[in-house]
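Asker: Below is structure-v1.cif; it holds mmCIF, C-alpha atoms.
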data_target
#
loop_
_atom_site.label_atom_id
_atom_site.label_comp_id
_atom_site.auth_asym_id
_atom_site.auth_seq_id
_atom_site.Cartn_x
_atom_site.Cartn_y
_atom_site.Cartn_z
CA MET N 68 245.73 51.49 8.05
CA SER N 69 242.24 51.33 6.52
CA MET N 70 240.20 48.13 6.55
CA THR N 71 239.98 46.86 2.97
CA HIS N 72 239.53 43.58 1.12
CA ARG N 73 243.09 43.98 -0.13
CA ARG N 74 244.34 44.00 3.45
CA VAL N 75 242.42 40.84 4.29
CA LEU N 76 243.82 39.05 1.23
CA ARG N 77 247.34 40.27 1.96
CA ILE N 78 247.16 38.42 5.28
CA ALA N 79 245.27 35.36 4.08
CA LEU N 80 246.86 34.35 0.79
CA PRO N 81 250.39 33.63 2.12
CA ILE N 82 248.83 31.32 4.74
CA VAL N 83 246.76 29.50 2.10
CA ILE N 84 249.87 29.01 -0.05
CA SER N 85 251.91 27.96 2.99
CA ASN N 86 249.32 25.33 3.93
CA ALA N 87 249.39 23.96 0.40
CA THR N 88 253.04 23.00 0.84
CA VAL N 89 252.35 20.75 3.85
CA PRO N 90 250.86 17.72 2.00
CA ILE N 91 253.66 17.96 -0.58
CA LEU N 92 256.24 17.33 2.13
CA GLY N 93 254.27 14.35 3.44
CA ALA N 94 254.08 12.88 -0.03
CA VAL N 95 257.84 13.29 -0.56
CA ASP N 96 258.64 11.70 2.83
CA THR N 97 256.51 8.71 1.89
CA GLY N 98 257.78 8.57 -1.67
CA VAL N 99 261.46 8.71 -0.70
CA VAL N 100 261.29 5.88 1.83
CA GLY N 101 259.09 4.01 -0.62
CA GLN N 102 262.07 3.85 -2.98
CA LEU N 103 263.74 1.50 -0.49
CA GLY N 104 261.38 -1.19 -1.71
CA LEU N 105 260.18 -2.21 1.77
CA ALA N 106 256.89 -1.65 3.55
CA ALA N 107 258.30 -1.27 7.08
CA PRO N 108 260.11 2.08 6.50
CA ILE N 109 256.94 3.64 5.09
CA GLY N 110 254.94 2.51 8.11
CA ALA N 111 257.66 3.65 10.51
CA VAL N 112 257.83 7.17 9.10
CA GLY N 113 254.04 7.35 9.00
CA ILE N 114 253.56 6.25 12.61
CA GLY N 115 256.44 8.40 13.87
CA ALA N 116 255.09 11.48 12.11
CA VAL N 117 251.56 10.87 13.43
CA ILE N 118 252.83 10.51 17.01
CA LEU N 119 254.85 13.73 16.90
CA THR N 120 252.10 15.62 15.08
CA GLY N 121 249.67 14.60 17.82
CA ILE N 122 252.06 15.75 20.53
CA TYR N 123 252.80 19.03 18.78
CA TRP N 124 249.07 19.58 18.29
CA ILE N 125 248.74 19.93 22.07
CA PHE N 126 250.94 23.03 21.87
CA GLY N 127 248.72 24.64 19.23
CA PHE N 128 247.34 26.87 21.98
CA LEU N 129 250.66 28.73 21.92
CA ARG N 130 250.13 29.87 18.33
CA MET N 131 246.52 30.96 18.88
CA GLY N 132 247.01 32.59 22.27
CA THR N 133 250.09 34.48 21.10
CA THR N 134 248.23 35.79 18.05
CA GLY N 135 245.36 37.15 20.11
CA LEU N 136 247.46 38.77 22.83
CA THR N 137 250.03 40.21 20.42
CA SER N 138 247.47 41.62 17.99
CA GLN N 139 245.75 43.43 20.86
CA ALA N 140 249.03 44.86 22.15
CA HIS N 141 249.93 45.87 18.59
CA GLY N 142 246.55 47.54 18.10
CA ALA N 143 246.97 49.43 21.36
CA GLY N 144 250.41 50.65 20.29
CA GLN N 145 252.16 48.84 23.16
CA VAL N 146 255.50 48.25 21.45
CA GLY N 147 257.19 47.03 24.60
CA GLU N 148 254.50 44.49 25.37
CA VAL N 149 254.61 43.17 21.78
CA ALA N 150 258.32 42.44 22.22
CA ALA N 151 257.81 40.92 25.67
CA LEU N 152 255.10 38.61 24.32
CA LEU N 153 257.57 37.17 21.83
CA THR N 154 259.99 36.43 24.66
CA ARG N 155 257.27 34.73 26.72
CA ALA N 156 256.11 32.64 23.75
CA LEU N 157 259.66 31.53 22.91
CA MET N 158 260.37 30.63 26.55
CA ILE N 159 257.21 28.51 26.73
CA GLY N 160 258.07 26.87 23.41
CA PHE N 161 261.63 26.03 24.37
CA ALA N 162 260.54 24.77 27.80
CA GLY N 163 257.89 22.53 26.20
CA GLY N 164 260.45 21.13 23.75
CA VAL N 165 263.02 20.42 26.45
CA ALA N 166 260.34 18.70 28.55
CA LEU N 167 259.42 16.52 25.57
CA ILE N 168 263.07 15.51 25.11
CA ALA N 169 263.40 14.70 28.82
CA LEU N 170 260.16 12.71 28.94
CA GLN N 171 260.42 11.05 25.53
CA ALA N 172 260.74 7.50 26.87
CA PRO N 173 257.39 7.31 28.73
CA ILE N 174 255.60 9.51 26.17
CA PHE N 175 256.63 7.41 23.18
CA TRP N 176 256.00 4.19 25.10
CA GLY N 177 252.42 5.34 25.77
CA ALA N 178 251.99 6.35 22.14
CA PHE N 179 252.99 2.88 20.93
CA GLN N 180 250.55 1.31 23.37
CA LEU N 181 247.78 3.27 21.69
CA SER N 182 249.01 2.53 18.15
CA PRO N 183 250.77 -0.85 18.22
CA ALA N 184 252.76 -1.97 15.18
CA SER N 185 254.93 -4.90 14.19
CA ALA N 186 258.28 -5.24 15.94
CA GLU N 187 260.13 -4.18 12.78
CA VAL N 188 258.01 -1.09 12.17
CA GLU N 189 258.06 -0.08 15.83
CA GLY N 190 261.85 -0.43 15.97
CA MET N 191 262.30 1.85 12.96
CA ALA N 192 259.70 4.30 14.29
CA ARG N 193 261.55 4.51 17.62
CA GLU N 194 264.77 5.29 15.75
CA TYR N 195 262.91 7.99 13.79
CA LEU N 196 261.43 9.54 16.94
CA ALA N 197 264.71 9.40 18.88
CA ILE N 198 266.24 11.66 16.22
CA ARG N 199 263.30 13.92 15.44
CA VAL N 200 262.58 14.75 19.07
CA TRP N 201 265.71 16.92 19.14
CA SER N 202 263.96 19.56 17.05
CA ALA N 203 261.00 19.74 19.45
CA PRO N 204 262.18 23.02 21.06
CA ALA N 205 262.47 24.62 17.61
CA MET N 206 259.11 23.36 16.39
CA ILE N 207 257.13 24.32 19.49
CA ALA N 208 258.85 27.72 19.71
CA LEU N 209 257.87 28.26 16.08
CA PHE N 210 254.21 28.01 17.09
CA GLY N 211 254.61 31.08 19.29
CA MET N 212 256.77 32.87 16.73
CA THR N 213 254.23 32.19 13.96
CA GLY N 214 251.41 33.54 16.10
CA TRP N 215 253.45 36.65 16.86
CA LEU N 216 254.09 37.30 13.16
CA ILE N 217 250.46 36.67 12.14
CA ALA N 218 249.27 39.14 14.79
CA GLN N 219 251.19 41.89 13.00
CA GLU N 220 249.95 40.84 9.55
CA ARG N 221 253.40 39.53 8.59
CA THR N 222 252.13 36.36 6.98
CA ARG N 223 254.60 36.55 4.09
CA ALA N 224 257.30 35.87 6.67
CA VAL N 225 255.33 32.80 7.78
CA LEU N 226 255.18 31.66 4.15
CA PHE N 227 258.94 32.09 3.69
CA ILE N 228 259.63 30.10 6.87
CA GLN N 229 257.35 27.29 5.71
CA VAL N 230 258.85 27.22 2.23
CA LEU N 231 262.39 27.13 3.63
CA MET N 232 261.54 24.30 6.03
CA ASN N 233 259.68 22.18 3.52
CA GLY N 234 262.12 22.90 0.69
CA ALA N 235 265.16 22.06 2.82
CA ASN N 236 263.40 18.98 4.14
CA ILE N 237 262.66 17.69 0.63
CA LEU N 238 266.20 18.28 -0.65
CA LEU N 239 267.78 16.72 2.42
CA ASP N 240 265.36 13.78 2.19
CA LEU N 241 266.59 13.05 -1.31
CA TRP N 242 270.25 13.41 -0.33
CA PHE N 243 270.18 11.52 2.97
CA VAL N 244 267.90 8.66 1.88
CA LEU N 245 268.64 8.14 -1.80
CA GLY N 246 272.17 9.52 -1.87
CA LEU N 247 273.64 8.46 1.48
CA ASP N 248 271.29 5.48 2.06
CA TRP N 249 270.47 6.52 5.64
CA GLY N 250 266.92 5.18 5.40
CA VAL N 251 264.40 6.18 8.06
CA ALA N 252 267.12 7.93 10.08
CA GLY N 253 267.85 10.10 7.04
CA VAL N 254 264.23 11.30 6.87
CA ALA N 255 264.35 12.17 10.58
CA ARG N 256 267.68 14.02 10.31
CA ALA N 257 266.42 15.99 7.32
CA THR N 258 263.41 17.14 9.34
CA VAL N 259 265.49 18.11 12.37
CA ILE N 260 267.82 20.28 10.27
CA ALA N 261 264.89 21.82 8.38
CA GLU N 262 262.97 22.71 11.57
CA TRP N 263 265.95 24.35 13.28
CA SER N 264 266.62 26.22 10.01
CA GLY N 265 263.03 27.45 10.01
CA LEU N 266 263.41 28.76 13.55
CA ALA N 267 266.66 30.52 12.62
CA LEU N 268 264.91 32.26 9.73
CA GLY N 269 262.08 33.15 12.09
CA PHE N 270 264.52 34.88 14.43
CA TRP N 271 265.75 36.94 11.49
CA PHE N 272 262.19 38.00 10.66
CA CYS N 273 261.66 38.92 14.33
CA ARG N 274 264.88 40.92 14.61
CA ASP N 275 262.97 44.18 15.07
CA ALA N 276 261.58 42.88 18.38
CA PHE N 277 265.08 42.20 19.66
CA ALA N 278 266.06 45.77 18.79
CA VAL N 279 263.64 46.92 21.51
CA PRO N 280 265.05 46.57 25.06
CA ALA N 281 261.64 45.40 26.31
CA TRP N 282 262.21 41.87 24.98
CA ARG N 283 264.63 41.35 27.89
CA ASP N 284 262.83 43.60 30.36
CA TRP N 285 262.49 40.73 32.84
CA PRO N 286 260.14 42.48 35.33
CA ARG N 287 257.76 43.02 32.38
CA VAL N 288 258.31 39.56 30.88
CA PHE N 289 257.62 37.88 34.23
CA ASP N 290 254.88 40.30 35.31
CA ALA N 291 252.49 38.16 37.39
CA GLU N 292 249.26 39.67 36.03
CA ARG N 293 250.33 39.34 32.39
CA LEU N 294 251.51 35.76 32.97
CA ARG N 295 248.20 34.86 34.62
CA ASN N 296 246.30 36.35 31.69
CA MET N 297 248.44 34.44 29.18
CA ALA N 298 248.01 31.22 31.16
CA ALA N 299 244.23 31.67 31.34
CA VAL N 300 243.92 32.34 27.60
CA ASN N 301 246.15 29.43 26.65
CA SER N 302 244.56 26.94 29.05
CA ASP N 303 241.05 27.76 27.82
CA ILE N 304 242.15 27.34 24.19
CA LEU N 305 243.81 24.02 25.07
CA LEU N 306 240.64 22.71 26.73
CA ARG N 307 238.55 23.87 23.78
CA SER N 308 240.93 22.10 21.36
CA LEU N 309 240.90 18.90 23.40
CA MET N 310 237.10 18.81 23.28
CA LEU N 311 237.20 19.38 19.53
CA GLN N 312 239.64 16.48 19.26
CA VAL N 313 237.25 14.31 21.29
CA ILE N 314 234.62 14.88 18.61
CA PHE N 315 236.88 13.82 15.75
CA VAL N 316 238.46 10.87 17.57
CA SER N 317 235.07 9.56 18.69
CA PHE N 318 233.83 9.96 15.12
CA LEU N 319 236.67 7.70 13.90
CA PHE N 320 236.15 5.13 16.65
CA MET N 321 232.40 4.92 16.12
CA GLY N 322 232.90 4.74 12.35
CA SER N 323 235.14 1.70 12.80
CA GLY N 324 232.12 -0.18 14.11
CA PHE N 325 230.59 -0.20 10.63
CA GLY N 326 233.37 -2.31 9.12
CA ASP N 327 236.66 -1.78 7.34
CA VAL N 328 235.15 -0.45 4.11
CA THR N 329 233.09 2.24 5.84
CA LEU N 330 236.02 3.15 8.08
CA ALA N 331 238.26 3.58 5.02
CA ALA N 332 235.60 5.65 3.26
CA ASN N 333 235.24 7.92 6.29
CA GLN N 334 239.01 8.37 6.42
CA VAL N 335 239.07 9.36 2.74
CA LEU N 336 236.26 11.86 3.24
CA LEU N 337 237.94 13.41 6.27
CA GLN N 338 240.63 14.58 3.87
CA PHE N 339 237.98 16.83 2.32
CA LEU N 340 237.50 18.43 5.74
CA SER N 341 241.27 18.85 6.02
CA ILE N 342 241.33 20.63 2.66
CA THR N 343 238.54 22.93 3.84
CA ALA N 344 240.32 23.74 7.11
CA HIS N 345 243.61 24.51 5.35
CA ALA N 346 241.86 26.72 2.78
CA LEU N 347 239.99 28.68 5.48
CA ASP N 348 242.97 29.05 7.80
CA GLY N 349 244.20 32.12 5.96
CA PHE N 350 240.93 34.00 6.41
CA ALA N 351 240.49 32.83 10.00
CA PHE N 352 244.03 34.09 10.69
CA SER N 353 243.08 37.40 9.05
CA ALA N 354 240.19 37.66 11.48
CA GLU N 355 242.51 36.87 14.40
CA ALA N 356 244.99 39.59 13.51
CA LEU N 357 242.55 42.30 12.45
CA VAL N 358 239.96 41.71 15.19
CA GLY N 359 242.74 41.55 17.79
CA GLN N 360 244.20 44.86 16.65
CA ALA N 361 240.78 46.50 16.63
CA TYR N 362 240.05 45.07 20.09
CA GLY N 363 243.35 46.43 21.41
CA ALA N 364 242.61 49.82 19.86
CA ARG N 365 239.08 49.73 21.31
CA ASN N 366 237.58 50.34 17.89
CA ARG N 367 234.21 48.61 17.70
CA ALA N 368 233.47 49.64 14.11
CA VAL N 369 236.76 48.31 12.77
CA LEU N 370 236.36 45.11 14.77
CA ARG N 371 232.95 44.45 13.19
CA ARG N 372 234.19 45.33 9.72
CA SER N 373 237.20 43.04 10.16
CA ALA N 374 234.99 40.12 11.18
CA ILE N 375 232.58 40.72 8.29
CA MET N 376 235.18 41.17 5.57
CA ALA N 377 237.22 38.12 6.58
CA SER N 378 234.01 36.07 6.73
CA GLN N 379 232.92 37.29 3.29
CA TRP N 380 236.10 35.89 1.78
CA GLY N 381 235.66 32.75 3.84
CA LEU N 382 232.19 32.35 2.32
CA VAL N 383 233.60 32.71 -1.19
CA VAL N 384 236.13 29.97 -0.46
CA CYS N 385 233.49 27.71 1.11
CA LEU N 386 231.11 28.04 -1.84
CA ALA N 387 233.97 27.33 -4.25
CA LEU N 388 234.98 24.25 -2.27
CA ALA N 389 231.40 23.00 -2.07
CA ALA N 390 231.04 23.35 -5.84
CA CYS N 391 234.40 21.67 -6.41
CA PHE N 392 233.50 18.74 -4.15
CA ALA N 393 230.11 18.38 -5.84
CA VAL N 394 231.60 18.29 -9.35
CA PHE N 395 234.98 16.64 -8.81
CA GLY N 396 234.43 14.79 -5.52
CA GLY N 397 234.10 11.41 -7.19
CA ALA N 398 237.35 11.85 -9.10
CA ILE N 399 239.14 12.98 -5.93
CA ILE N 400 237.90 9.87 -4.13
CA ASP N 401 239.19 7.66 -6.94
CA VAL N 402 242.65 9.20 -6.62
CA MET N 403 242.78 8.65 -2.85
CA ALA N 404 241.29 5.15 -2.79
CA LYS N 405 241.77 2.38 -5.34
CA ALA N 406 239.48 -0.27 -3.81
CA PRO N 407 236.11 -0.19 -5.67
CA ALA N 408 234.18 -0.94 -2.48
CA VAL N 409 235.77 2.02 -0.67
CA GLN N 410 235.14 4.28 -3.68
CA ASP N 411 231.46 3.33 -3.76
CA ALA N 412 231.06 3.79 0.00
CA ALA N 413 232.78 7.20 -0.05
CA ARG N 414 230.50 8.38 -2.87
CA THR N 415 227.49 7.41 -0.75
CA TYR N 416 228.50 9.96 1.88
CA LEU N 417 230.00 12.59 -0.44
CA ILE N 418 226.99 14.88 -0.01
CA TYR N 419 228.12 15.63 3.55
CA MET N 420 231.44 16.93 2.21
CA VAL N 421 229.56 19.24 -0.14
CA LEU N 422 227.59 20.62 2.81
CA ALA N 423 230.46 20.73 5.32
CA PRO N 424 232.30 23.86 4.08
CA VAL N 425 229.17 26.02 4.13
CA LEU N 426 227.76 24.63 7.39
CA GLY N 427 231.15 24.93 9.08
CA LEU N 428 231.95 28.46 7.91
CA ALA N 429 230.59 30.25 10.99
CA ALA N 430 232.52 27.96 13.34
CA TYR N 431 235.81 28.46 11.46
CA MET N 432 235.51 32.23 11.18
CA LEU N 433 234.15 32.89 14.66
CA ASP N 434 237.01 30.86 16.08
CA GLY N 435 239.31 33.42 14.44
CA VAL N 436 237.27 36.34 15.78
CA PHE N 437 237.23 35.04 19.36
CA ILE N 438 240.93 34.12 19.29
CA GLY N 439 241.77 37.67 18.17
CA ALA N 440 239.67 39.09 20.99
CA THR N 441 241.17 36.52 23.42
CA ARG N 442 237.65 35.55 24.46
CA SER N 443 238.94 32.07 25.17
CA ARG N 444 236.54 31.41 28.03
CA ASP N 445 233.63 31.84 25.63
CA MET N 446 235.35 29.46 23.19
CA ARG N 447 235.79 26.88 25.95
CA ASN N 448 232.23 27.17 27.26
CA MET N 449 230.58 27.12 23.86
CA MET N 450 232.64 24.05 22.93
CA VAL N 451 231.24 22.31 26.02
CA VAL N 452 227.73 23.05 24.76
CA SER N 453 228.62 21.92 21.23
CA LEU N 454 230.16 18.69 22.52
CA VAL N 455 226.99 17.91 24.46
CA ILE N 456 224.85 18.62 21.38
CA TYR N 457 227.11 16.34 19.32
CA GLY N 458 226.72 13.58 21.90
CA ILE N 459 222.93 13.89 21.85
CA ALA N 460 222.92 13.87 18.03
CA VAL N 461 225.04 10.71 17.98
CA ALA N 462 222.79 9.00 20.53
CA VAL N 463 219.67 9.84 18.53
CA LEU N 464 220.87 9.44 14.93
CA LEU N 465 223.45 6.65 15.06
CA PRO N 466 221.06 3.80 15.97
CA VAL N 467 218.56 4.89 13.32
CA MET N 468 220.74 6.02 10.41
CA GLY N 469 224.08 4.28 10.97
CA ASN N 470 227.05 6.01 9.30
CA HIS N 471 224.73 8.61 7.77
CA GLY N 472 223.71 9.53 11.31
CA LEU N 473 227.35 9.77 12.34
CA TRP N 474 228.12 12.25 9.55
CA LEU N 475 224.98 14.25 10.35
CA ALA N 476 226.04 14.43 14.01
CA LEU N 477 229.45 15.79 12.97
CA LEU N 478 227.83 18.46 10.79
CA ILE N 479 225.45 19.31 13.64
CA SER N 480 228.49 19.88 15.87
CA PHE N 481 229.81 22.38 13.29
CA ILE N 482 226.48 24.20 13.27
CA ALA N 483 226.33 24.19 17.08
CA ARG N 484 229.80 25.72 17.33
CA GLY N 485 228.84 28.48 14.89
CA ILE N 486 225.50 29.27 16.56
CA THR N 487 226.80 29.23 20.14
CA LEU N 488 229.76 31.48 19.33
CA GLY N 489 227.47 33.70 17.26
CA LEU N 490 225.22 34.18 20.28
CA ARG N 491 228.24 35.36 22.28
CA TYR N 492 229.45 37.78 19.60
CA PRO N 493 227.27 40.76 20.72
CA ALA N 494 228.86 40.54 24.19
CA LEU N 495 232.28 40.78 22.54
CA GLU N 496 231.30 44.01 20.81
CA ARG N 497 229.73 45.38 23.99
CA ASP N 498 232.96 44.69 25.83
CA VAL N 499 234.90 46.80 23.31
CA ALA N 500 232.39 49.63 23.63
CA GLU N 501 232.49 49.51 27.44
CA GLN N 502 236.29 49.58 27.45
CA ASP N 503 236.20 52.62 25.20
CA GLU N 504 233.84 54.43 27.58
CA ARG N 505 235.87 53.71 30.72
CA PRO N 506 237.85 56.71 31.86
CA ALA N 507 241.53 55.86 31.79
CA ALA N 508 244.64 57.96 31.66
CA SER N 509 245.89 55.94 28.69
CA SER N 510 242.64 56.10 26.76
CA GLY N 511 243.13 57.17 23.16
CA LYS N 512 246.92 57.32 23.53
CA LYS N 513 249.61 55.16 21.98
CA SER N 514 252.10 53.67 24.39
CA ALA N 515 255.73 53.08 23.52
CA THR N 516 256.07 50.66 26.41
#
Would you mind writing the structure in this file as structure tokens?
Answerer:
Amino acid sequence: MSMTHRRVLRIALPIVISNATVPILGAVDTGVVGQLGLAAPIGAVGIGAVILTGIYWIFGFLRMGTTGLTSQAHGAGQVGEVAALLTRALMIGFAGGVALIALQAPIFWGAFQLSPASAEVEGMAREYLAIRVWSAPAMIALFGMTGWLIAQERTRAVLFIQVLMNGANILLDLWFVLGLDWGVAGVARATVIAEWSGLALGFWFCRDAFAVPAWRDWPRVFDAERLRNMAAVNSDILLRSLMLQVIFVSFLFMGSGFGDVTLAANQVLLQFLSITAHALDGFAFSAEALVGQAYGARNRAVLRRSAIMASQWGLVVCLALAACFAVFGGAIIDVMAKAPAVQDAARTYLIYMVLAPVLGLAAYMLDGVFIGATRSRDMRNMMVVSLVIYGIAVAVLLPVMGNHGLWLALLISFIARGITLGLRYPALERDVAEQDERPAASSGKKSAT
């Protein structure tokens, strides 16, 4: 298939639309329990969702690693390995979910120590978590399944899964909470049913893989070398993601030192970064799939063209977002925050949100490129460098510029991630060229296994 802008958009747009449905579900969850007329249920659902989201975030490596490895196998024509990768991803997902169910007591206890709440809210949140945890195997397995589908450019399937889950969740929310008066437990049960339904639909979309005997070719599935490679890729991505989380968590903690108003303003403005990340996900995922396939096919020219074309569309989105934030940023702030002091403080730092999409573009897109090429060690190492640069920027700017210095340090970390990965990009291309030049019996051939 030729590399065209149409192909990039065909991968990206379903992901962008899918991401747009996520905040709608959160709003409905909050709105439904809000109809109970009590503050505690809202807080319980909010805390419970944050705890599980944080735990699930740890397993994000499964989505990214599966995308890179599967896209390369797909590009190399290794049909059997593509099917085996789905089996491995599902096994890891189910194992992670079962472990979470088994260890829920100490894990949730630790989470409540980090985010204490009133006895009433904590009691309701524990009830919520005790129910929702039973869909952990489905949700974590879906990470691997989603990565597998994205790798083969089947993002419409990802969109349908997301729409089914969120749509079912909303309808069941309304029925269980407003109709049956199940309260917080109703919200949790709705989510559990929706997430298992999403996995069931995912299996239907992946039915072609189960038509190939290789999905249960256990010597292949448990091949030591392939498992080591998968473990190395996933562990590097996990470490990289943990370091990225350190940057954002430290940003929030340091921002709290400037008072409640500034902390609230920073929290409002971080939603602008969330919007940017969700909008760029589609094009980063395009880069993952297309670069991975080109890497697997050992096609340097297509790899470069894939990276450039996905980034071009990413630039269009970033410029549009920057313009939108510049023109409508104040109005968006007013919608998210009603306190005049918070509105004024957020406007003071709005300029950083206008700059963030453009300054962060290289980091977002190169993440996609390096995930597709499974150059996870480079991602890990360059994140170490970026984290150090962020720490130096904080140490230098924070005492002099206060919260302005904190925002500048965060933007500097974006720039550092983009520059450091950019410096490693030529080595990625050289690796493809060297692979292509190596004499190998399978060179230039498509494998059915």
Asker: Mind checking which residues fall within 7 Å of region 391-405 of chain N, counting all atoms listed in the file, ignoring those fewer than 2 positions away in the same chain, and posting them as an NGL selection string?
Answerer: :N and (335 or 387-389 or 407 or 409-410 or 414 or 420-421)
Asker: Okay, now the selection with C-alpha atoms, as a PDB file, keeping the file's coordinate frame?
Answerer:
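Contents of the output file again_10.pdb:
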ATOM      1  CA  VAL N 335     239.070   9.360   2.740  1.00  0.00           C
ATOM      2  CA  ALA N 387     233.970  27.330  -4.250  1.00  0.00           C
ATOM      3  CA  LEU N 388     234.980  24.250  -2.270  1.00  0.00           C
ATOM      4  CA  ALA N 389     231.400  23.000  -2.070  1.00  0.00           C
ATOM      5  CA  PRO N 407     236.110  -0.190  -5.670  1.00  0.00           C
ATOM      6  CA  VAL N 409     235.770   2.020  -0.670  1.00  0.00           C
ATOM      7  CA  GLN N 410     235.140   4.280  -3.680  1.00  0.00           C
ATOM      8  CA  ARG N 414     230.500   8.380  -2.870  1.00  0.00           C
ATOM      9  CA  MET N 420     231.440  16.930   2.210  1.00  0.00           C
ATOM     10  CA  VAL N 421     229.560  19.240  -0.140  1.00  0.00           C
TER      11      VAL N 421
END
Asker: What gap, in Å, lies between CA of Arg155 (chain N) and CA of Met432 (chain N)?
Answerer: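 Separation of CA of Arg155 (chain N) and CA of Met432 (chain N): 26.9 Å.
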Asker: Would you kindly return, as a PyMOL selection string, each protein, DNA or RNA residue with an atom no farther than 8 Å from any atom of region 491-504 of chain N, considering all atoms listed in the file and excluding same-chain residues fewer than 6 positions away?
Answerer: chain N and resi 362+365-367+370-371+440+442+445+510
Asker: Could you tell me how far CA of Arg447 (chain N) lies from CA of Ser308 (chain N), in Å and to one decimal?
Answerer: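 CA of Arg447 (chain N) sits 8.4 Å away from CA of Ser308 (chain N).
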Asker: Could you work out how far CA of Arg372 (chain N) lies from CA of Arg444 (chain N), giving the answer in Å with one decimal?
Answerer: 23.1 Å
Asker: If the PyMOL selection byres ((chain N and resi 78-87) around 10) were run on this exact file, what residues would it hold? Put them as a PyMOL selection string.
Answerer: chain N and resi 73-77+88-92+217-230+233+342+344-354+356-357+377+380-381
Asker: Write out the residues from the selection above, keeping C-alpha atoms, as a PDB file, in the coordinates of the input.
Answerer:
ATOM      1  CA  ARG N  73     243.090  43.980  -0.130  1.00  0.00           C
ATOM      2  CA  ARG N  74     244.340  44.000   3.450  1.00  0.00           C
ATOM      3  CA  VAL N  75     242.420  40.840   4.290  1.00  0.00           C
ATOM      4  CA  LEU N  76     243.820  39.050   1.230  1.00  0.00           C
ATOM      5  CA  ARG N  77     247.340  40.270   1.960  1.00  0.00           C
ATOM      6  CA  THR N  88     253.040  23.000   0.840  1.00  0.00           C
ATOM      7  CA  VAL N  89     252.350  20.750   3.850  1.00  0.00           C
ATOM      8  CA  PRO N  90     250.860  17.720   2.000  1.00  0.00           C
ATOM      9  CA  ILE N  91     253.660  17.960  -0.580  1.00  0.00           C
ATOM     10  CA  LEU N  92     256.240  17.330   2.130  1.00  0.00           C
ATOM     11  CA  ILE N 217     250.460  36.670  12.140  1.00  0.00           C
ATOM     12  CA  ALA N 218     249.270  39.140  14.790  1.00  0.00           C
ATOM     13  CA  GLN N 219     251.190  41.890  13.000  1.00  0.00           C
ATOM     14  CA  GLU N 220     249.950  40.840   9.550  1.00  0.00           C
ATOM     15  CA  ARG N 221     253.400  39.530   8.590  1.00  0.00           C
ATOM     16  CA  THR N 222     252.130  36.360   6.980  1.00  0.00           C
ATOM     17  CA  ARG N 223     254.600  36.550   4.090  1.00  0.00           C
ATOM     18  CA  ALA N 224     257.300  35.870   6.670  1.00  0.00           C
ATOM     19  CA  VAL N 225     255.330  32.800   7.780  1.00  0.00           C
ATOM     20  CA  LEU N 226     255.180  31.660   4.150  1.00  0.00           C
ATOM     21  CA  PHE N 227     258.940  32.090   3.690  1.00  0.00           C
ATOM     22  CA  ILE N 228     259.630  30.100   6.870  1.00  0.00           C
ATOM     23  CA  GLN N 229     257.350  27.290   5.710  1.00  0.00           C
ATOM     24  CA  VAL N 230     258.850  27.220   2.230  1.00  0.00           C
ATOM     25  CA  ASN N 233     259.680  22.180   3.520  1.00  0.00           C
ATOM     26  CA  ILE N 342     241.330  20.630   2.660  1.00  0.00           C
ATOM     27  CA  ALA N 344     240.320  23.740   7.110  1.00  0.00           C
ATOM     28  CA  HIS N 345     243.610  24.510   5.350  1.00  0.00           C
ATOM     29  CA  ALA N 346     241.860  26.720   2.780  1.00  0.00           C
ATOM     30  CA  LEU N 347     239.990  28.680   5.480  1.00  0.00           C
ATOM     31  CA  ASP N 348     242.970  29.050   7.800  1.00  0.00           C
ATOM     32  CA  GLY N 349     244.200  32.120   5.960  1.00  0.00           C
ATOM     33  CA  PHE N 350     240.930  34.000   6.410  1.00  0.00           C
ATOM     34  CA  ALA N 351     240.490  32.830  10.000  1.00  0.00           C
ATOM     35  CA  PHE N 352     244.030  34.090  10.690  1.00  0.00           C
ATOM     36  CA  SER N 353     243.080  37.400   9.050  1.00  0.00           C
ATOM     37  CA  ALA N 354     240.190  37.660  11.480  1.00  0.00           C
ATOM     38  CA  ALA N 356     244.990  39.590  13.510  1.00  0.00           C
ATOM     39  CA  LEU N 357     242.550  42.300  12.450  1.00  0.00           C
ATOM     40  CA  ALA N 377     237.220  38.120   6.580  1.00  0.00           C
ATOM     41  CA  TRP N 380     236.100  35.890   1.780  1.00  0.00           C
ATOM     42  CA  GLY N 381     235.660  32.750   3.840  1.00  0.00           C
TER      43      GLY N 381
END
Asker: Quick one: of N:Tyr431, N:Tyr419, N:Trp215, N:Phe126, who's nearest to Gly472 (chain N), counting only C-alpha atoms?
Answerer: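 Closest candidate: N:Tyr419.
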Asker: Contacts of Ile459 (chain N) at 12 Å or less, counting only C-alpha atoms, minus same-chain residues fewer than 4 places along, as a list of chain:residue names?
Answerer: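 So, after excluding close chain neighbours, the residues are N:Val452, N:Ser453, N:Leu454, N:Val455, N:Val463, N:Leu464, N:Leu465, N:Pro466, N:Gly472, N:Leu473, N:Leu475, N:Ala476, N:Leu477, N:Ile479, N:Ser480, N:Ala483.
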Asker: Exactly which residues make up the result of the PyMOL selection byres ((chain N and resi 325) around 12) on this file, given as a PyMOL selection string?
Answerer: chain N and resi 318-324+326-333+412+465-466+468-473
Asker: Pull out every residue that the PyMOL selection byres ((chain N and resi 100-117) around 6) matches in the shown coordinates and put them as a PyMOL selection string.
Answerer: chain N and resi 97-99+118-120+188+191-192+196
Asker: N:Gly214, N:Gly142, N:Gly269, N:Pro204: which is nearest Ala166 (chain N), counting all atoms listed in the file?
Answerer: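 Once distances to Ala166 (chain N) are computed over all atoms listed in the file, the minimum belongs to N:Pro204.
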